[in-house]
Each structure stands twice: as C-alpha cells, then as structure tokens.
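> Input upload30.pdb, format and content: PDB, C-alpha atoms, pLDDT in the B column.
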ATOM      1  CA  MET K   1      39.576  60.793  58.088  1.00 58.00           C
ATOM      2  CA  GLY K   2      42.538  60.005  60.312  1.00 62.00           C
ATOM      3  CA  ARG K   3      42.527  59.533  64.002  1.00 72.00           C
ATOM      4  CA  LYS K   4      42.659  62.555  66.246  1.00 73.00           C
ATOM      5  CA  PRO K   5      46.010  62.992  67.972  1.00 77.00           C
ATOM      6  CA  LYS K   6      45.758  62.164  71.656  1.00 84.00           C
ATOM      7  CA  SER K   7      46.902  64.225  74.559  1.00 85.00           C
ATOM      8  CA  THR K   8      48.830  62.494  77.293  1.00 89.00           C
ATOM      9  CA  ILE K   9      48.987  62.938  81.033  1.00 91.00           C
ATOM     10  CA  THR K  10      51.937  61.446  82.861  1.00 94.00           C
ATOM     11  CA  ASN K  11      52.850  61.619  86.513  1.00 97.00           C
ATOM     12  CA  ASN K  12      55.821  61.613  88.848  1.00 98.00           C
ATOM     13  CA  ILE K  13      54.120  59.846  91.754  1.00 98.00           C
ATOM     14  CA  ARG K  14      56.580  56.955  91.918  1.00 98.00           C
ATOM     15  CA  ARG K  15      59.562  59.349  92.094  1.00 98.00           C
ATOM     16  CA  LEU K  16      57.789  61.568  94.634  1.00 98.00           C
ATOM     17  CA  ARG K  17      56.992  58.560  96.849  1.00 98.00           C
ATOM     18  CA  PHE K  18      60.641  57.500  96.725  1.00 97.00           C
ATOM     19  CA  GLU K  19      61.770  61.020  97.626  1.00 97.00           C
ATOM     20  CA  HIS K  20      59.388  61.063 100.610  1.00 96.00           C
ATOM     21  CA  ASP K  21      61.041  58.345 102.693  1.00 96.00           C
ATOM     22  CA  ALA K  22      60.057  55.623 100.224  1.00 96.00           C
ATOM     23  CA  MET K  23      56.359  56.125 100.959  1.00 98.00           C
ATOM     24  CA  THR K  24      54.367  53.062  99.950  1.00 98.00           C
ATOM     25  CA  GLN K  25      51.355  53.120  97.666  1.00 98.00           C
ATOM     26  CA  GLN K  26      49.274  52.119 100.702  1.00 98.00           C
ATOM     27  CA  GLN K  27      50.578  55.033 102.765  1.00 98.00           C
ATOM     28  CA  LEU K  28      49.738  57.454  99.948  1.00 98.00           C
ATOM     29  CA  ALA K  29      46.325  55.852  99.480  1.00 98.00           C
ATOM     30  CA  ASP K  30      45.563  56.247 103.192  1.00 98.00           C
ATOM     31  CA  ALA K  31      46.697  59.884 103.115  1.00 98.00           C
ATOM     32  CA  ILE K  32      44.454  60.814 100.171  1.00 98.00           C
ATOM     33  CA  GLY K  33      41.453  58.612 100.958  1.00 98.00           C
ATOM     34  CA  VAL K  34      41.545  56.096  98.098  1.00 98.00           C
ATOM     35  CA  THR K  35      42.521  52.432  97.771  1.00 98.00           C
ATOM     36  CA  ARG K  36      46.031  51.213  97.064  1.00 98.00           C
ATOM     37  CA  GLN K  37      44.712  49.806  93.773  1.00 98.00           C
ATOM     38  CA  THR K  38      43.612  53.313  92.780  1.00 98.00           C
ATOM     39  CA  VAL K  39      47.056  54.726  93.550  1.00 98.00           C
ATOM     40  CA  ASN K  40      48.600  51.895  91.520  1.00 98.00           C
ATOM     41  CA  ALA K  41      46.336  52.640  88.536  1.00 98.00           C
ATOM     42  CA  ILE K  42      47.027  56.400  88.710  1.00 97.00           C
ATOM     43  CA  GLU K  43      50.774  55.816  89.042  1.00 97.00           C
ATOM     44  CA  GLY K  44      50.710  53.415  86.085  1.00 96.00           C
ATOM     45  CA  ASN K  45      48.881  55.986  83.931  1.00 93.00           C
ATOM     46  CA  LYS K  46      45.911  53.628  83.598  1.00 94.00           C
ATOM     47  CA  TYR K  47      43.508  55.971  85.398  1.00 93.00           C
ATOM     48  CA  SER K  48      43.195  59.742  85.637  1.00 93.00           C
ATOM     49  CA  PRO K  49      42.187  60.876  89.111  1.00 96.00           C
ATOM     50  CA  SER K  50      39.550  63.467  89.847  1.00 96.00           C
ATOM     51  CA  LEU K  51      40.818  66.991  90.207  1.00 97.00           C
ATOM     52  CA  GLU K  52      40.243  66.788  93.968  1.00 98.00           C
ATOM     53  CA  VAL K  53      42.331  63.617  94.314  1.00 98.00           C
ATOM     54  CA  ALA K  54      45.051  65.153  92.118  1.00 98.00           C
ATOM     55  CA  PHE K  55      45.244  68.157  94.446  1.00 98.00           C
ATOM     56  CA  ARG K  56      45.269  65.853  97.495  1.00 98.00           C
ATOM     57  CA  ILE K  57      48.288  64.022  96.057  1.00 98.00           C
ATOM     58  CA  ALA K  58      50.112  67.313  95.430  1.00 98.00           C
ATOM     59  CA  THR K  59      49.288  68.451  98.976  1.00 98.00           C
ATOM     60  CA  VAL K  60      50.676  65.251 100.527  1.00 98.00           C
ATOM     61  CA  PHE K  61      53.971  65.815  98.714  1.00 98.00           C
ATOM     62  CA  GLY K  62      53.946  69.569  99.316  1.00 98.00           C
ATOM     63  CA  VAL K  63      54.433  70.410  95.648  1.00 98.00           C
ATOM     64  CA  PRO K  64      52.381  72.226  92.983  1.00 98.00           C
ATOM     65  CA  LEU K  65      50.023  70.083  90.924  1.00 97.00           C
ATOM     66  CA  GLU K  66      52.210  70.457  87.828  1.00 96.00           C
ATOM     67  CA  HIS K  67      55.088  68.776  89.689  1.00 97.00           C
ATOM     68  CA  VAL K  68      52.907  65.682  90.100  1.00 98.00           C
ATOM     69  CA  PHE K  69      51.127  65.577  86.732  1.00 97.00           C
ATOM     70  CA  GLU K  70      52.372  66.636  83.303  1.00 95.00           C
ATOM     71  CA  TYR K  71      49.987  67.316  80.442  1.00 92.00           C
ATOM     72  CA  THR K  72      51.139  67.024  76.851  1.00 91.00           C
ATOM     73  CA  PRO K  73      48.617  68.464  74.385  1.00 92.00           C
ATOM     74  CA  PRO K  74      47.943  66.649  71.118  1.00 89.00           C
ATOM     75  CA  SER K  75      50.339  67.470  68.314  1.00 82.00           C
ATOM     76  CA  GLY K  76      49.222  68.071  64.767  1.00 64.00           C
TER
END
Let's see the structure in the file written out as structure tokens.

Amino acid sequence: MGRKPKSTITNNIRRLRFEHDAMTQQQLADAIGVTRQTVNAIEGNKYSPSLEVAFRIATVFGVPLEHVFEYTPPSG
C-alpha cells in the first residue's frame, strides 16, 4: 500500500500584512489574541490555526477566509 496523498493548506498572511501598512507579526498577534510565535508558525505553514483564529485573521484584514487560506485537496 502506498502513502495517502496529502492535502495542503497555504496562506497569504505575509502578503496581507505587507498590504496593510507593513503590519508586523506582533501587531497581528495582538489583534487576534495569540503570540507572535503562533503567527510566525501559521505564516510559515508549520501550524494550522483553529477555525476561530482563522476567522479572526480574515476579519483583521477585512477579507473572506478564502483570501487568507487556500486549501488544495489531495490528488489521486
């Protein structure tokens, strides 16, 4: 048996921060109630946030959730 294909979730947080007056990771963290390290891990695709935190991020940037996170289903 082969390995199951993996889905991927990527994000546009770095671009969105830049587009919002070069918001820092700390400023975003403060706005959504998490640590800067958490924002760094989410932005680096090392950690998937809770649904609530994902919506908080989208709200801060004033965009729909799918403009922040992109889901690619497994292929095959």
> May I ask for the distance between atom CA of K:Ala41 and atom CA of K:Lys4, given in Å to one decimal place?
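Atom-to-atom, atom CA of K:Ala41 and atom CA of K:Lys4 are spaced 24.7 Å apart.
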> What gap, in Å, lies between atom CA of K:Pro73 and atom CA of K:Arg14?
22.4 Å
> Rank K:Gly62, K:Ser48, K:Gly33, K:Thr38 by their smallest atom-to-atom distance to K:Arg17, using all atoms listed in the file, and report the top residue only.
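Among the listed residues, K:Gly62 lies closest to K:Arg17.
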> So the first atom is atom CA of K:Ile13 and the second is atom CA of K:Thr72; what is the distance between them in Å, to one decimal place?
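Between atom CA of K:Ile13 and atom CA of K:Thr72 the gap is 16.8 Å.
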> Pick out the closest residue to K:Pro74 from this set: K:Pro49, K:Asp30, K:Ile57, K:Ile9. Count only C-alpha atoms.
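Result for the nearest residue to K:Pro74: K:Ile9.
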> Counting all atoms listed in the file, figure out which residue out of K:His20, K:Phe69, K:Arg3, K:Ala58 gets nearest to K:Asn45.
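Comparing K:His20, K:Phe69, K:Arg3, K:Ala58 against K:Asn45, the winner is K:Phe69.
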> Might you pull out every residue within 12 Å of K:Tyr71, with only C-alpha atoms counted and same-chain residues fewer than 4 positions away left off, and present them as number ranges by chain?
K: 6-12, 45, 48, 65-67
> Ranking K:Thr24, K:Val60, K:Glu70, K:Arg15 by minimum distance to K:Arg36 and counting all atoms listed in the file, which one comes first?
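Smallest separation from K:Arg36 among the options: K:Thr24.
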> Counting only C-alpha atoms, which of K:Leu16, K:Phe61, K:Ser75, K:Gly44 gets nearest to K:Ala31?
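Ranking K:Leu16, K:Phe61, K:Ser75, K:Gly44 by distance to K:Ala31, first place goes to K:Phe61.
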